[in-house]
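Have a look at run.txt below; it lists compact mmCIF, C-alpha atoms.
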# COMPACT_ATOMS: atom_id res chain seq x y z
CA MET A 136 -4.33 5.06 -29.87
CA SER A 137 -1.92 2.11 -29.83
CA GLN A 138 -1.88 2.09 -26.01
CA GLU A 139 -5.65 2.04 -25.90
CA LYS A 140 -5.72 -0.87 -28.35
CA THR A 141 -3.23 -2.90 -26.30
CA ALA A 142 -4.85 -2.06 -22.94
CA ALA A 143 -8.33 -3.18 -23.95
CA PRO A 144 -7.47 -6.82 -24.74
CA LYS A 145 -5.53 -7.12 -21.47
CA ALA A 146 -8.54 -5.86 -19.46
CA ALA A 147 -10.86 -8.18 -21.37
CA SER A 148 -8.50 -11.10 -20.81
CA GLU A 149 -8.42 -10.51 -17.05
CA THR A 150 -12.21 -10.18 -16.97
CA GLN A 151 -12.53 -13.49 -18.80
CA LEU A 152 -10.02 -15.16 -16.47
CA VAL A 153 -11.93 -13.95 -13.41
CA ALA A 154 -15.21 -15.24 -14.82
CA ARG A 155 -13.66 -18.61 -15.59
CA ALA A 156 -12.00 -18.83 -12.18
CA GLN A 157 -15.34 -18.08 -10.54
CA HIS A 158 -16.67 -21.19 -12.24
CA GLY A 159 -13.87 -23.37 -10.91
CA ASP A 160 -11.41 -23.16 -13.81
CA GLU A 161 -8.06 -23.92 -12.17
CA GLU A 162 -6.04 -22.84 -15.20
CA ALA A 163 -7.70 -19.43 -15.14
CA PHE A 164 -6.95 -19.09 -11.44
CA ALA A 165 -3.32 -20.06 -12.06
CA ALA A 166 -3.12 -17.39 -14.76
CA LEU A 167 -4.48 -14.78 -12.34
CA PHE A 168 -1.89 -15.89 -9.81
CA GLU A 169 0.92 -15.42 -12.32
CA MET A 170 -0.50 -12.06 -13.36
CA HIS A 171 -0.70 -10.60 -9.84
CA LYS A 172 1.70 -12.53 -7.60
CA ARG A 173 4.64 -10.14 -7.89
CA ARG A 174 2.70 -7.05 -6.93
CA VAL A 175 0.91 -8.83 -4.08
CA TYR A 176 4.26 -10.11 -2.81
CA SER A 177 5.74 -6.60 -3.07
CA LEU A 178 2.83 -5.23 -1.07
CA CYS A 179 3.21 -7.90 1.63
CA LEU A 180 6.96 -7.34 1.78
CA ARG A 181 6.61 -3.59 2.16
CA MET A 182 4.05 -4.03 4.91
CA THR A 183 5.99 -6.63 6.89
CA GLY A 184 9.62 -5.93 6.04
CA ASN A 185 10.27 -9.67 6.19
CA THR A 186 10.76 -11.85 3.11
CA ALA A 187 9.68 -15.11 4.76
CA GLU A 188 6.51 -13.54 6.16
CA ALA A 189 5.81 -11.86 2.82
CA GLU A 190 6.06 -15.19 0.99
CA ASP A 191 3.73 -16.89 3.49
CA LEU A 192 1.25 -14.03 3.42
CA THR A 193 1.26 -13.93 -0.38
CA GLN A 194 0.32 -17.61 -0.40
CA GLU A 195 -2.36 -16.96 2.21
CA ALA A 196 -3.75 -14.05 0.19
CA PHE A 197 -4.16 -16.26 -2.88
CA LEU A 198 -5.70 -19.02 -0.78
CA GLN A 199 -8.22 -16.44 0.40
CA LEU A 200 -8.71 -15.38 -3.21
CA PHE A 201 -9.40 -18.99 -4.22
CA ARG A 202 -12.04 -19.24 -1.50
CA LYS A 203 -13.64 -15.85 -2.10
CA ILE A 204 -13.32 -15.14 -5.82
CA SER A 205 -16.95 -16.10 -6.33
CA THR A 206 -17.91 -13.03 -4.25
CA PHE A 207 -16.18 -10.61 -6.62
CA ARG A 208 -18.89 -8.53 -8.30
CA GLY A 209 -16.81 -6.17 -10.43
CA GLU A 210 -17.77 -3.10 -8.41
CA SER A 211 -14.09 -2.12 -8.33
CA ALA A 212 -11.05 -3.16 -10.36
CA PHE A 213 -10.06 -6.76 -9.71
CA SER A 214 -6.55 -5.68 -8.67
CA THR A 215 -8.03 -3.27 -6.12
CA TRP A 216 -10.28 -6.01 -4.74
CA LEU A 217 -7.34 -8.43 -4.57
CA HIS A 218 -5.11 -5.91 -2.83
CA ARG A 219 -7.86 -5.18 -0.30
CA LEU A 220 -7.93 -8.89 0.44
CA ALA A 221 -4.11 -9.02 0.73
CA VAL A 222 -4.00 -5.99 3.01
CA ASN A 223 -6.58 -7.59 5.30
CA VAL A 224 -4.49 -10.78 5.44
CA VAL A 225 -1.38 -8.81 6.41
CA LEU A 226 -3.16 -6.66 8.98
CA MET A 227 -4.67 -9.76 10.59
CA HIS A 228 -1.17 -11.24 10.77
CA LEU A 229 0.20 -8.06 12.37
CA ARG A 230 -2.63 -8.00 14.90
CA LYS A 231 -1.80 -11.57 15.89
CA LYS A 232 1.79 -10.50 16.43
CA GLY A 233 0.53 -7.82 18.80
CA LEU A 234 2.07 -4.88 17.00
CA GLN A 235 0.92 -1.34 17.70
CA GLN A 236 -2.26 -0.57 15.78
CA ILE A 237 -3.46 2.82 14.55
CA SER A 238 -7.16 3.23 13.93
CA LEU A 239 -8.07 4.42 10.45
CA ASP A 240 -11.01 6.23 12.04
CA GLU A 241 -8.68 8.28 14.23
CA VAL A 242 -9.35 12.01 13.98
CA ASP A 243 -6.32 14.08 13.04
CA SER A 244 -5.88 16.56 15.86
CA SER A 245 -2.18 17.20 15.24
CA GLN A 246 -1.05 20.81 15.48
CA ASP A 247 2.41 20.05 14.12
CA GLU A 248 1.49 21.22 10.64
CA PRO A 249 -0.64 24.14 9.43
CA VAL A 250 -4.23 23.19 8.69
CA LYS A 251 -3.80 24.40 5.11
CA ARG A 252 -1.30 21.64 4.31
CA ASP A 253 -2.53 19.44 1.48
CA TYR A 254 -2.11 15.89 2.76
CA GLY A 255 -2.44 14.56 -0.75
CA ASP A 256 0.72 16.21 -2.12
CA ASN A 257 3.60 13.92 -3.05
CA ASP A 258 6.33 14.51 -0.46
CA ARG A 259 9.18 14.63 -2.97
CA ARG A 260 11.57 16.11 -0.42
CA LEU A 261 10.95 13.17 1.87
CA MET A 262 11.27 10.50 -0.79
CA GLY A 263 14.30 12.14 -2.38
CA SER A 264 16.34 12.13 0.82
CA ILE A 265 16.04 8.41 1.56
CA ASP A 266 17.85 5.61 -0.18
CA ARG A 267 16.05 2.31 -0.66
CA ILE A 268 17.63 0.52 2.30
CA THR A 269 17.00 3.39 4.68
CA LEU A 270 13.44 3.72 3.43
CA THR A 271 12.81 0.03 4.11
CA ARG A 272 14.09 0.41 7.66
CA ALA A 273 12.05 3.54 8.26
CA ILE A 274 8.83 2.01 6.91
CA ALA A 275 9.33 -1.07 9.09
CA ASP A 276 9.21 1.17 12.17
CA LEU A 277 5.84 2.70 11.24
CA PRO A 278 2.71 1.44 13.01
CA PRO A 279 0.84 -0.92 10.63
CA GLY A 280 -1.99 1.53 9.89
CA TYR A 281 0.36 4.33 8.85
CA ARG A 282 2.62 1.88 7.03
CA THR A 283 -0.21 0.46 4.96
CA VAL A 284 -1.44 3.81 3.67
CA PHE A 285 2.11 5.04 3.01
CA VAL A 286 2.97 1.89 1.04
CA LEU A 287 -0.25 1.99 -0.97
CA HIS A 288 0.03 5.68 -1.83
CA ASP A 289 3.71 6.60 -2.06
CA ILE A 290 5.11 3.25 -3.20
CA GLU A 291 2.32 1.34 -4.95
CA GLY A 292 0.87 4.51 -6.49
CA TYR A 293 -2.77 4.21 -5.42
CA GLU A 294 -4.95 7.31 -5.23
CA HIS A 295 -6.67 8.14 -1.95
CA ASN A 296 -10.09 7.10 -3.22
CA GLU A 297 -8.65 3.69 -4.12
CA ILE A 298 -6.96 3.37 -0.72
CA ALA A 299 -10.25 4.26 0.96
CA ASP A 300 -11.85 1.40 -0.98
CA ILE A 301 -9.07 -1.03 -0.09
CA MET A 302 -8.92 -0.05 3.59
CA ASN A 303 -12.66 0.52 4.03
CA CYS A 304 -12.11 4.04 5.36
CA SER A 305 -12.81 7.58 4.20
CA VAL A 306 -10.62 9.54 1.77
CA GLY A 307 -9.99 12.07 4.55
CA ASN A 308 -8.72 9.36 6.87
CA SER A 309 -6.43 8.01 4.16
CA LYS A 310 -4.94 11.48 3.67
CA SER A 311 -4.58 11.96 7.42
CA GLN A 312 -2.83 8.61 7.89
CA LEU A 313 -0.44 9.39 5.02
CA HIS A 314 0.39 12.78 6.52
CA LYS A 315 1.13 11.22 9.91
CA ALA A 316 3.21 8.46 8.33
CA ARG A 317 5.35 11.07 6.58
CA MET A 318 5.76 13.01 9.83
CA LYS A 319 6.93 9.85 11.60
CA LEU A 320 9.34 9.08 8.77
CA ARG A 321 10.86 12.57 9.06
CA ASP A 322 11.23 12.08 12.82
CA TRP A 323 12.86 8.70 12.17
CA LEU A 324 15.32 10.31 9.76
CA ARG A 325 16.33 12.94 12.31
CA GLN A 326 17.02 10.23 14.87
CA ASN A 327 18.90 8.00 12.42
CA GLU A 328 20.93 10.45 10.36
CA GLY A 329 23.93 8.09 10.50
CA LEU A 330 22.06 5.58 8.34
CA MET A 331 21.70 8.06 5.50
CA ALA A 332 24.24 8.58 2.75
CA PRO A 333 26.86 11.27 3.56
CA GLY A 334 25.67 14.72 2.62
CA GLU A 335 21.99 13.76 2.42
CA PRO A 336 19.82 16.45 4.00
CA VAL A 337 17.39 15.78 6.80
CA VAL A 338 13.87 16.34 5.51
CA SER A 339 12.42 19.75 6.19
CA ASP A 340 9.15 20.09 8.08
CA GLN A 341 7.86 22.49 5.45
CA ALA A 342 5.50 21.15 2.83
CA PRO A 343 6.95 20.83 -0.68
CA THR A 344 5.92 23.57 -3.05
CA GLU A 345 5.88 21.45 -6.18
CA ARG A 346 2.52 20.45 -7.62
In structure tokens, what does this structure look like?
Amino acid sequence: MSQEKTAAPKAASETQLVARAQHGDEEAFAALFEMHKRRVYSLCLRMTGNTAEAEDLTQEAFLQLFRKISTFRGESAFSTWLHRLAVNVVLMHLRKKGLQQISLDEVDSSQDEPVKRDYGDNDRRLMGSIDRITLTRAIADLPPGYRTVFVLHDIEGYEHNEIADIMNCSVGNSKSQLHKARMKLRDWLRQNEGLMAPGEPVVSDQAPTER
């Protein structure tokens, strides 16, 4: 009960801040910036792997927010809407850099895994075998499309329906991109075993059995 009581005022406060910011209240916008800047920066950093770029893109995301906040209609959570905006800013930046792009509409025709595999399962075996530094290096080598879904799901904790909303794709495509990202990460680990801590196992191809 106490959690519910504390959560409600926070949600109401954010709703009020958004409404005030939509009417040009600079203090309300500054409060929203303070409330969300760390997570937006974390998202940008995970997607780019570069602190300077992440700082610039965080600023750009909030500039876009300042320009577009009047279009927010409350059809999704404000944080989801903001992260969709931030993801678009980062992806545009990556496209300008000419990095390899993976279409979110791509059909998964891979035969590397049985069809029965549940793409939505948390790959605990994968995550447990990578230290933070190695994970950062591995994620940086993923194509932007795979990287974005992996970061949103396995690091930021978004559900596939939320990722589909953020990325403007289907839930099935989100699951497919996550599956392929994990496959590429396992391949990366096999090729870079020397970067892992001594004694750490290479991730098995088999799906984890935990639920």
(request) Name all residues at most 10 Å from Val175 in chain A (count only C-alpha atoms; drop same-chain ones fewer than 5 positions away) and give them as a list of chain:residue names. (result) A:Phe168, A:Met170, A:Leu180, A:Arg181, A:Ala189, A:Glu190, A:Leu192, A:Thr193, A:Gln194, A:Ala196, A:Phe197, A:Ser214, A:Leu217, A:His218, A:Leu220, A:Ala221, A:Val222
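The spacing separating CA of Val306 in chain A from CA of Glu294 in chain A amounts to 9.3 Å.
What separates CA of Met318 in chain A from CA of Thr269 in chain A is a distance of 15.7 Å.
With distances restricted to all atoms listed in the file, A:Arg282 is the closest residue to Leu226 in chain A from A:Arg282, A:Arg155, A:Lys310, A:Lys315.
Note that CA of Asp300 in chain A and CA of Ala187 in chain A are 27.7 Å apart.
Residue nearest Glu161 in chain A, chosen from A:Phe285, A:Phe201, A:Asn296, A:Gly280 and counting only C-alpha atoms: A:Phe201.
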(request) Name all residues at most 10 Å from Ile290 in chain A (count all atoms listed in the file; drop same-chain ones fewer than 6 positions away) and give them as number ranges by chain. (result) A: 177-178, 181, 262, 284
(request) May I have the residues within 12 Å of Trp216 in chain A as a PyMOL selection string, using all atoms listed in the file and disregarding those fewer than 2 positions away in the same chain? (result) chain A and resi 153+171+175+196+199-200+203-204+206-214+218-223+297-303
(message) When you count only C-alpha atoms, which of these residues is closest to Tyr176 in chain A: A:Arg202, A:Ala163, A:Ala273, A:Val225?
(response) A:Val225
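The shortest atom-to-atom distance to Ile274 in chain A, with all atoms listed in the file taken into account, belongs to A:Arg321 out of A:Glu188, A:Arg321, A:Leu198, A:Ala165.
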